[in-house]
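Shown below: upload_6.cif, with mmCIF, C-alpha atoms.
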data_entry
#
loop_
_atom_site.group_PDB
_atom_site.id
_atom_site.type_symbol
_atom_site.label_atom_id
_atom_site.label_comp_id
_atom_site.auth_asym_id
_atom_site.auth_seq_id
_atom_site.Cartn_x
_atom_site.Cartn_y
_atom_site.Cartn_z
ATOM 1 C CA GLY A 1 84.642 102.850 118.405
ATOM 2 C CA ALA A 2 88.040 101.941 117.054
ATOM 3 C CA THR A 3 86.746 98.578 115.908
ATOM 4 C CA ILE A 4 83.119 98.914 114.766
ATOM 5 C CA GLU A 5 83.953 101.158 111.808
ATOM 6 C CA ASN A 6 86.451 98.635 110.467
ATOM 7 C CA ILE A 7 84.075 95.721 111.123
ATOM 8 C CA ALA A 8 81.385 97.517 109.123
ATOM 9 C CA ASP A 9 83.773 98.177 106.199
ATOM 10 C CA HIS A 10 84.851 94.526 106.189
ATOM 11 C CA MET A 11 81.272 93.234 106.246
ATOM 12 C CA SER A 12 80.264 95.603 103.443
ATOM 13 C CA ALA A 13 83.090 94.311 101.248
ATOM 14 C CA LEU A 14 81.946 90.694 101.813
ATOM 15 C CA ASN A 15 78.365 91.573 100.911
ATOM 16 C CA ARG A 16 79.344 93.377 97.717
ATOM 17 C CA ALA A 17 81.473 90.412 96.651
ATOM 18 C CA GLY A 18 78.582 88.025 97.276
ATOM 19 C CA TRP A 19 80.573 85.795 99.639
ATOM 20 C CA ASN A 20 78.363 83.375 101.544
ATOM 21 C CA ALA A 21 78.645 83.353 105.322
ATOM 22 C CA ASP A 22 80.090 79.811 105.417
ATOM 23 C CA GLY A 23 83.792 79.100 105.781
ATOM 24 C CA PHE A 24 86.509 80.772 107.819
ATOM 25 C CA ASN A 25 87.845 84.274 107.120
ATOM 26 C CA ALA A 26 90.780 86.154 108.609
ATOM 27 C CA TRP A 27 90.852 89.885 107.929
ATOM 28 C CA VAL A 28 92.548 93.180 108.662
ATOM 29 C CA SER A 29 91.101 96.655 108.126
ATOM 30 C CA GLY A 30 92.163 100.210 108.872
ATOM 31 C CA VAL A 31 90.739 103.726 108.630
ATOM 32 C CA TYR A 32 92.248 107.209 108.880
ATOM 33 C CA ARG A 33 90.065 110.240 109.698
ATOM 34 C CA ASP A 34 90.903 113.937 109.421
ATOM 35 C CA HIS A 35 88.205 116.498 110.341
ATOM 36 C CA ASP A 36 88.076 120.293 110.641
ATOM 37 C CA TYR A 37 85.436 122.316 112.519
ATOM 38 C CA ASP A 38 84.912 126.093 112.386
ATOM 39 C CA ASP A 39 82.643 126.126 115.471
ATOM 40 C CA TYR A 40 83.367 123.029 117.539
ATOM 41 C CA THR A 41 80.312 122.062 119.663
ATOM 42 C CA ARG A 42 79.149 125.673 119.227
ATOM 43 C CA ILE A 43 81.788 127.218 121.505
ATOM 44 C CA GLY A 44 83.129 129.456 118.768
ATOM 45 C CA GLN A 45 86.507 127.766 118.381
ATOM 46 C CA ASN A 46 88.157 126.206 115.372
ATOM 47 C CA ALA A 47 89.245 122.605 115.895
ATOM 48 C CA GLY A 48 90.995 119.775 114.132
ATOM 49 C CA ASN A 49 90.557 116.091 114.889
ATOM 50 C CA ASN A 50 92.466 113.240 113.271
ATOM 51 C CA GLY A 51 93.237 109.637 114.071
ATOM 52 C CA PHE A 52 93.873 106.088 112.899
ATOM 53 C CA ARG A 53 92.005 102.911 113.807
ATOM 54 C CA GLY A 54 93.192 99.412 112.943
ATOM 55 C CA THR A 55 91.465 96.073 113.435
ATOM 56 C CA ILE A 56 92.123 92.371 112.913
ATOM 57 C CA GLY A 57 89.350 89.798 113.005
ATOM 58 C CA PHE A 58 88.134 86.292 112.293
ATOM 59 C CA ASP A 59 84.757 85.092 110.954
ATOM 60 C CA TYR A 60 83.408 81.563 111.158
ATOM 61 C CA GLY A 61 80.360 80.499 109.167
ATOM 62 C CA MET A 62 77.705 78.670 111.159
ATOM 63 C CA SER A 63 75.823 78.130 107.883
ATOM 64 C CA ASN A 64 75.557 79.659 104.415
ATOM 65 C CA ALA A 65 73.506 82.477 105.931
ATOM 66 C CA VAL A 66 75.077 83.182 109.347
ATOM 67 C CA SER A 67 78.639 83.854 110.495
ATOM 68 C CA LEU A 68 80.005 84.845 113.893
ATOM 69 C CA GLY A 69 83.364 86.416 114.604
ATOM 70 C CA LEU A 70 85.806 88.095 116.951
ATOM 71 C CA ALA A 71 87.769 91.311 116.465
ATOM 72 C CA LEU A 72 90.596 93.171 118.176
ATOM 73 C CA GLY A 73 91.363 96.818 117.489
ATOM 74 C CA TYR A 74 93.533 99.766 118.432
ATOM 75 C CA GLY A 75 92.771 103.415 117.830
ATOM 76 C CA LYS A 76 94.169 106.855 118.587
ATOM 77 C CA SER A 77 92.953 110.384 117.943
ATOM 78 C CA ASP A 78 94.206 113.944 118.462
ATOM 79 C CA LEU A 79 91.785 116.835 119.060
ATOM 80 C CA ASP A 80 93.319 120.328 118.919
ATOM 81 C CA LEU A 81 91.384 123.543 119.566
ATOM 82 C CA ASP A 82 92.370 127.189 119.238
ATOM 83 C CA GLY A 83 94.070 128.661 122.275
ATOM 84 C CA GLY A 84 96.210 125.690 123.243
ATOM 85 C CA TYR A 85 93.476 123.254 124.272
ATOM 86 C CA GLY A 86 93.852 119.624 123.236
ATOM 87 C CA VAL A 87 92.994 115.995 123.963
ATOM 88 C CA LYS A 88 94.952 112.947 122.826
ATOM 89 C CA THR A 89 93.125 109.624 123.203
ATOM 90 C CA ASP A 90 94.129 106.044 122.515
ATOM 91 C CA GLY A 91 93.053 102.555 123.502
ATOM 92 C CA TYR A 92 92.551 98.898 122.649
ATOM 93 C CA ASN A 93 89.190 97.214 122.291
ATOM 94 C CA TRP A 94 87.773 93.822 121.500
ATOM 95 C CA GLY A 95 84.400 92.518 120.444
ATOM 96 C CA ALA A 96 82.089 90.130 118.649
ATOM 97 C CA THR A 97 80.528 90.271 115.184
ATOM 98 C CA ILE A 98 77.626 88.734 113.302
ATOM 99 C CA ARG A 99 76.776 88.637 109.598
ATOM 100 C CA LEU A 100 73.493 87.535 108.022
ATOM 101 C CA THR A 101 72.863 87.004 104.319
ATOM 102 C CA GLN A 102 69.912 85.571 102.436
ATOM 103 C CA GLY A 103 69.650 86.067 98.702
ATOM 104 C CA ASN A 104 69.887 89.800 97.987
ATOM 105 C CA LEU A 105 69.249 90.713 101.635
ATOM 106 C CA PHE A 106 72.148 91.299 104.038
ATOM 107 C CA ALA A 107 72.779 92.560 107.556
ATOM 108 C CA ALA A 108 75.746 92.875 109.895
ATOM 109 C CA GLY A 109 76.353 93.938 113.458
ATOM 110 C CA GLY A 110 78.985 94.126 116.143
ATOM 111 C CA TYR A 111 79.649 95.034 119.761
ATOM 112 C CA THR A 112 82.997 96.126 121.217
ATOM 113 C CA GLU A 113 84.390 97.358 124.503
ATOM 114 C CA GLY A 114 87.813 98.356 125.724
ATOM 115 C CA ASP A 115 90.069 100.583 127.791
ATOM 116 C CA LEU A 116 90.815 104.241 127.046
ATOM 117 C CA ASN A 117 93.575 106.684 127.957
ATOM 118 C CA ALA A 118 93.333 110.444 127.482
ATOM 119 C CA ASP A 119 95.925 113.214 127.880
ATOM 120 C CA THR A 120 94.488 116.723 128.140
ATOM 121 C CA THR A 121 96.201 120.086 127.686
ATOM 122 C CA ARG A 122 94.939 123.605 128.437
ATOM 123 C CA PRO A 123 96.562 126.981 129.010
ATOM 124 C CA GLY A 124 96.836 128.084 132.643
ATOM 125 C CA ALA A 125 97.532 131.411 134.320
ATOM 126 C CA TYR A 126 100.955 133.095 134.184
ATOM 127 C CA GLY A 127 102.006 131.140 131.101
ATOM 128 C CA LEU A 128 101.638 127.741 132.783
ATOM 129 C CA THR A 129 100.122 124.706 131.069
ATOM 130 C CA ALA A 130 97.664 122.400 132.835
ATOM 131 C CA LEU A 131 98.060 118.714 131.982
ATOM 132 C CA GLY A 132 95.643 115.925 132.730
ATOM 133 C CA LYS A 133 95.675 112.138 132.469
ATOM 134 C CA ALA A 134 92.416 110.215 132.485
ATOM 135 C CA GLU A 135 91.663 106.507 132.250
ATOM 136 C CA GLY A 136 88.371 105.116 131.127
ATOM 137 C CA HIS A 137 86.327 102.421 129.491
ATOM 138 C CA GLY A 138 84.349 102.514 126.275
ATOM 139 C CA ASN A 139 81.804 100.429 124.431
ATOM 140 C CA ALA A 140 80.229 100.625 121.008
ATOM 141 C CA ALA A 141 77.691 98.809 118.846
ATOM 142 C CA PHE A 142 76.490 98.977 115.260
ATOM 143 C CA ILE A 143 74.002 97.374 112.910
ATOM 144 C CA ASP A 144 73.783 97.748 109.113
ATOM 145 C CA ALA A 145 71.232 96.294 106.710
ATOM 146 C CA GLY A 146 70.329 96.540 103.052
ATOM 147 C CA PHE A 147 69.362 94.705 99.905
ATOM 148 C CA LYS A 148 70.731 94.486 96.393
ATOM 149 C CA ILE A 149 68.727 95.520 93.336
ATOM 150 C CA PRO A 150 70.455 94.114 90.218
ATOM 151 C CA LEU A 151 69.953 96.226 87.110
ATOM 152 C CA ASP A 152 71.495 96.090 83.650
ATOM 153 C CA GLY A 153 75.215 95.988 84.503
ATOM 154 C CA LEU A 154 74.655 97.889 87.748
ATOM 155 C CA THR A 155 73.667 96.974 91.323
ATOM 156 C CA ILE A 156 71.887 99.515 93.531
ATOM 157 C CA SER A 157 71.776 98.814 97.283
ATOM 158 C CA PRO A 158 69.593 100.892 99.646
ATOM 159 C CA LEU A 159 71.223 100.924 103.106
ATOM 160 C CA VAL A 160 70.295 101.753 106.695
ATOM 161 C CA GLY A 161 72.490 101.698 109.786
ATOM 162 C CA TYR A 162 72.865 102.689 113.413
ATOM 163 C CA ARG A 163 75.931 103.318 115.592
ATOM 164 C CA TYR A 164 76.201 103.894 119.339
ATOM 165 C CA THR A 165 79.400 104.776 121.176
ATOM 166 C CA GLU A 166 80.018 105.566 124.832
ATOM 167 C CA ALA A 167 83.182 106.633 126.646
ATOM 168 C CA ASN A 168 83.336 106.739 130.459
ATOM 169 C CA PHE A 169 86.316 108.522 132.023
ATOM 170 C CA ASP A 170 87.409 108.338 135.654
ATOM 171 C CA ALA A 171 87.979 111.462 137.746
ATOM 172 C CA PHE A 172 91.432 113.061 137.544
ATOM 173 C CA VAL A 173 93.379 116.077 138.792
ATOM 174 C CA GLU A 174 95.479 118.294 136.550
ATOM 175 C CA THR A 175 99.146 119.013 137.134
ATOM 176 C CA GLY A 176 101.479 121.754 135.922
ATOM 177 C CA ALA A 177 99.317 124.815 136.658
ATOM 178 C CA ALA A 178 100.296 125.294 140.337
ATOM 179 C CA GLY A 179 97.282 126.679 142.225
ATOM 180 C CA GLY A 180 95.256 126.650 139.026
ATOM 181 C CA ASN A 181 95.064 122.869 138.672
ATOM 182 C CA VAL A 182 91.474 121.672 138.285
ATOM 183 C CA ALA A 183 89.841 118.525 139.675
ATOM 184 C CA VAL A 184 87.721 116.930 136.946
ATOM 185 C CA PRO A 185 84.995 114.498 138.076
ATOM 186 C CA LYS A 186 84.001 111.238 136.443
ATOM 187 C CA HIS A 187 82.165 111.946 133.190
ATOM 188 C CA THR A 188 80.643 110.251 130.133
ATOM 189 C CA PHE A 189 80.424 111.060 126.425
ATOM 190 C CA THR A 190 77.928 109.348 124.109
ATOM 191 C CA SER A 191 77.047 109.375 120.429
ATOM 192 C CA SER A 192 74.005 107.834 118.755
ATOM 193 C CA VAL A 193 73.902 108.054 114.959
ATOM 194 C CA GLY A 194 71.405 106.649 112.468
ATOM 195 C CA LYS A 195 72.006 106.688 108.738
ATOM 196 C CA ILE A 196 70.102 106.085 105.529
ATOM 197 C CA GLY A 197 71.668 105.963 102.102
ATOM 198 C CA ALA A 198 72.517 103.888 99.060
ATOM 199 C CA GLU A 199 75.446 102.659 97.016
ATOM 200 C CA ALA A 200 75.958 101.649 93.406
ATOM 201 C CA THR A 201 78.449 99.063 92.156
ATOM 202 C CA PHE A 202 79.400 97.641 88.784
ATOM 203 C CA ASP A 203 82.060 95.454 87.222
ATOM 204 C CA TRP A 204 85.071 97.069 85.560
ATOM 205 C CA ASN A 205 87.559 94.548 84.175
ATOM 206 C CA GLY A 206 87.220 92.315 87.237
ATOM 207 C CA ILE A 207 87.325 95.204 89.716
ATOM 208 C CA THR A 208 84.237 96.582 91.474
ATOM 209 C CA PRO A 209 83.968 100.397 91.651
ATOM 210 C CA ILE A 210 81.720 101.707 94.447
ATOM 211 C CA ILE A 211 79.787 104.987 94.650
ATOM 212 C CA HIS A 212 77.913 105.731 97.871
ATOM 213 C CA ALA A 213 76.087 108.497 99.740
ATOM 214 C CA ALA A 214 74.181 108.717 103.043
ATOM 215 C CA TYR A 215 72.522 111.113 105.463
ATOM 216 C CA ASN A 216 73.675 110.637 109.070
ATOM 217 C CA LYS A 217 71.516 111.856 111.978
ATOM 218 C CA GLU A 218 72.924 112.385 115.503
ATOM 219 C CA PHE A 219 70.299 111.664 118.169
ATOM 220 C CA ALA A 220 72.355 112.207 121.354
ATOM 221 C CA ASP A 221 71.770 115.970 121.486
ATOM 222 C CA GLU A 222 71.205 116.551 125.220
ATOM 223 C CA PRO A 223 73.745 118.933 126.827
ATOM 224 C CA ARG A 224 75.838 117.542 129.677
ATOM 225 C CA SER A 225 76.806 119.351 132.865
ATOM 226 C CA ILE A 226 80.129 118.896 134.615
ATOM 227 C CA THR A 227 81.289 120.575 137.840
ATOM 228 C CA LEU A 228 84.966 121.558 137.901
ATOM 229 C CA LYS A 229 86.764 122.573 141.096
ATOM 230 C CA LEU A 230 90.133 124.134 141.856
ATOM 231 C CA ASN A 231 92.127 121.325 143.417
ATOM 232 C CA SER A 232 93.849 123.672 145.887
ATOM 233 C CA ALA A 233 90.581 125.072 147.273
ATOM 234 C CA THR A 234 88.145 123.629 149.800
ATOM 235 C CA ALA A 235 85.315 126.161 149.636
ATOM 236 C CA ALA A 236 82.270 125.421 147.484
ATOM 237 C CA MET A 237 82.686 128.803 145.806
ATOM 238 C CA ALA A 238 85.860 127.442 144.176
ATOM 239 C CA SER A 239 83.766 125.158 141.969
ATOM 240 C CA GLN A 240 81.762 125.940 138.850
ATOM 241 C CA THR A 241 79.338 123.939 136.751
ATOM 242 C CA TYR A 242 79.777 124.035 132.977
ATOM 243 C CA THR A 243 77.327 122.928 130.328
ATOM 244 C CA ILE A 244 79.013 120.948 127.569
ATOM 245 C CA ASN A 245 77.047 120.934 124.349
ATOM 246 C CA ALA A 246 76.885 117.571 122.637
ATOM 247 C CA THR A 247 78.755 117.396 119.351
ATOM 248 C CA LYS A 248 75.484 117.205 117.431
ATOM 249 C CA GLU A 249 76.886 116.446 114.026
ATOM 250 C CA ASP A 250 74.208 115.645 111.488
ATOM 251 C CA PHE A 251 76.215 115.179 108.320
ATOM 252 C CA ILE A 252 76.172 113.949 104.735
ATOM 253 C CA SER A 253 78.756 111.398 103.627
ATOM 254 C CA THR A 254 79.633 110.563 100.055
ATOM 255 C CA GLY A 255 82.528 108.728 98.498
ATOM 256 C CA LEU A 256 84.158 106.322 96.092
ATOM 257 C CA GLY A 257 85.833 102.961 96.474
ATOM 258 C CA LEU A 258 87.300 99.942 94.719
ATOM 259 C CA GLN A 259 87.431 96.276 95.630
ATOM 260 C CA GLY A 260 88.447 93.038 93.988
ATOM 261 C CA GLU A 261 89.523 89.438 94.471
ATOM 262 C CA VAL A 262 92.942 87.849 94.017
ATOM 263 C CA GLY A 263 92.723 84.101 94.547
ATOM 264 C CA SER A 264 91.138 83.578 97.963
ATOM 265 C CA ALA A 265 91.798 87.185 99.031
ATOM 266 C CA LEU A 266 89.331 90.065 98.906
ATOM 267 C CA TRP A 267 90.693 93.628 99.084
ATOM 268 C CA HIS A 268 88.972 96.981 99.380
ATOM 269 C CA VAL A 269 89.982 100.663 99.467
ATOM 270 C CA GLY A 270 87.842 103.762 99.721
ATOM 271 C CA TYR A 271 87.583 107.497 100.288
ATOM 272 C CA THR A 272 84.660 109.321 101.933
ATOM 273 C CA ALA A 273 84.026 113.046 102.342
ATOM 274 C CA GLU A 274 81.806 114.211 105.214
ATOM 275 C CA PHE A 275 79.978 117.568 105.270
ATOM 276 C CA GLY A 276 78.207 118.582 108.456
ATOM 277 C CA GLN A 277 77.029 121.168 110.929
ATOM 278 C CA ASP A 278 79.429 123.607 112.580
ATOM 279 C CA ASP A 279 81.154 123.903 109.173
ATOM 280 C CA ARG A 280 82.488 120.392 109.591
ATOM 281 C CA PHE A 281 84.449 118.878 106.740
ATOM 282 C CA GLY A 282 86.203 115.549 106.974
ATOM 283 C CA HIS A 283 88.269 113.085 104.973
ATOM 284 C CA VAL A 284 88.026 109.346 105.641
ATOM 285 C CA VAL A 285 90.322 106.802 103.979
ATOM 286 C CA ASN A 286 89.886 103.065 104.554
ATOM 287 C CA ALA A 287 91.481 99.858 103.297
ATOM 288 C CA GLY A 288 91.357 96.179 104.162
ATOM 289 C CA VAL A 289 92.009 92.594 103.115
ATOM 290 C CA ALA A 290 90.123 89.362 103.909
ATOM 291 C CA LEU A 291 91.422 85.808 103.345
ATOM 292 C CA ARG A 292 89.083 82.833 102.983
ATOM 293 C CA PHE A 293 90.259 79.401 104.150
#

Rewritten as structure tokens:
Amino acid sequence: GATIENIADHMSALNRAGWNADGFNAWVSGVYRDHDYDDYTRIGQNAGNNGFRGTIGFDYGMSNAVSLGLALGYGKSDLDLDGGYGVKTDGYNWGATIRLTQGNLFAAGGYTEGDLNADTTRPGAYGLTALGKAEGHGNAAFIDAGFKIPLDGLTISPLVGYRYTEANFDAFVETGAAGGNVAVPKHTFTSSVGKIGAEATFDWNGITPIIHAAYNKEFADEPRSITLKLNSATAAMASQTYTINATKEDFISTGLGLQGEVGSALWHVGYTAEFGQDDRFGHVVNAGVALRF
């Protein structure tokens, strides 16, 4: 979800700063991801995946404890595998947010949906390249919760969270590979991740350093089957069913961040490293600003 990750970062910054839910906030947040895999979805290929996601949003406080909001985001990602295979995806999405705060307890959630576009590339026979264009629709949801434990000059916050994303792509037919073009049917990708972790914050000359770590568990581990067919053929023998392993990426995330206030503005920046299965290693950089009116 291009938007839910930025919504979550924004909400976390508000909670650390101790801002009540009342009032009106306008905000912008962005994240850049860069991941490498030595055995992508267990097919024995190296892969690289990177992309940027940006979001703008507005929060309105219904009370000191509850705020509701709207968000609009855009995201793009490039997946490149060994052998000339690749997928470039981009799309806009929009959604709604909610934030709850009561004393040292806090929670946040959001739901988004939007349109997707994907361009696929794969090597064909005789040096040809098969190209595909797919349109689709995606939706995503998240919920985070935690509580602050103030200590002597330090605040520890145990955290739990859940994220669900789904991408549905329409059927398409490749071009560029002559008789080797493949007809790809409608298909769906899902991810369902729960996390548990904690963060520590403290004051440093008016700036708040952040140290955090979490274990992230992927629950959507069922393999998916998809039947591909040569577009130029009519016989059933020209089709074949493939099993696509889910990208079951249990991983550990840990990182550092800073945030602070300048007048009515709240800013945050952060870096997170992710270590996971299939020799996954990723860098995540995020930044954002919120203005209170």

Between CA of Thr201 in chain A and CA of Leu154 in chain A, what is the spacing in Å?
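Pair CA of Leu154 in chain A / CA of Thr201 in chain A returns 5.9 Å.
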
Excluding range 252-263 of chain A and any residue of its chain fewer than 4 positions from it, enumerate the residues within 8 Å of it, using only C-alpha atoms, and give them as number ranges by chain.
A: 13, 17, 206-216, 267-276

Give as a list in words the residues that the PyMOL selection byres ((chain A and resi 36) around 7) matches when applied to the coordinates above.
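Applied to this file, the PyMOL selection byres ((chain A and resi 36) around 7) selects His35, Tyr37, Asp38, Ala47, Gly48, Asn49, Arg280, Phe281 and Gly282 of chain A.
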
Explicit residue set for the PyMOL selection byres ((chain A and resi 145) around 12), as a PyMOL selection string:
chain A and resi 8+11-12+15+98-102+104-109+142-144+146-148+157-162+194-198

Which residues match the PyMOL selection byres ((chain A and resi 188) around 7) in the file above, as a PyMOL selection string?
chain A and resi 167-169+187+189-190

Limited to C-alpha atoms, could you put the picked residues into a file as a PDB file, keeping the file's coordinate frame?
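Final output, selection.pdb:
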ATOM      1  CA  ALA A 167      83.182 106.633 126.646  1.00  0.00           C
ATOM      2  CA  ASN A 168      83.336 106.739 130.459  1.00  0.00           C
ATOM      3  CA  PHE A 169      86.316 108.522 132.023  1.00  0.00           C
ATOM      4  CA  HIS A 187      82.165 111.946 133.190  1.00  0.00           C
ATOM      5  CA  PHE A 189      80.424 111.060 126.425  1.00  0.00           C
ATOM      6  CA  THR A 190      77.928 109.348 124.109  1.00  0.00           C
TER       7      THR A 190
END

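Proximity of A:Ser63, A:Thr3, A:Asn50, A:Asn205 to Gly23 in chain A, computed with only C-alpha atoms, is greatest for A:Ser63.
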
Is it possible to get the residues within 9 Å of (84.2, 94.5, 106.7) (coordinates as in the file, counting all atoms listed in the file) written as number ranges by chain?
A: 5-15, 27-29, 288-290

File dump, residues just selected, C-alpha atoms, as an mmCIF file, in the frame of the given file:
data_model
loop_
_atom_site.group_PDB
_atom_site.id
_atom_site.type_symbol
_atom_site.label_atom_id
_atom_site.label_comp_id
_atom_site.auth_asym_id
_atom_site.auth_seq_id
_atom_site.Cartn_x
_atom_site.Cartn_y
_atom_site.Cartn_z
ATOM 1 C CA GLU A 5 83.953 101.158 111.808
ATOM 2 C CA ASN A 6 86.451 98.635 110.467
ATOM 3 C CA ILE A 7 84.075 95.721 111.123
ATOM 4 C CA ALA A 8 81.385 97.517 109.123
ATOM 5 C CA ASP A 9 83.773 98.177 106.199
ATOM 6 C CA HIS A 10 84.851 94.526 106.189
ATOM 7 C CA MET A 11 81.272 93.234 106.246
ATOM 8 C CA SER A 12 80.264 95.603 103.443
ATOM 9 C CA ALA A 13 83.090 94.311 101.248
ATOM 10 C CA LEU A 14 81.946 90.694 101.813
ATOM 11 C CA ASN A 15 78.365 91.573 100.911
ATOM 12 C CA TRP A 27 90.852 89.885 107.929
ATOM 13 C CA VAL A 28 92.548 93.180 108.662
ATOM 14 C CA SER A 29 91.101 96.655 108.126
ATOM 15 C CA GLY A 288 91.357 96.179 104.162
ATOM 16 C CA VAL A 289 92.009 92.594 103.115
ATOM 17 C CA ALA A 290 90.123 89.362 103.909
#
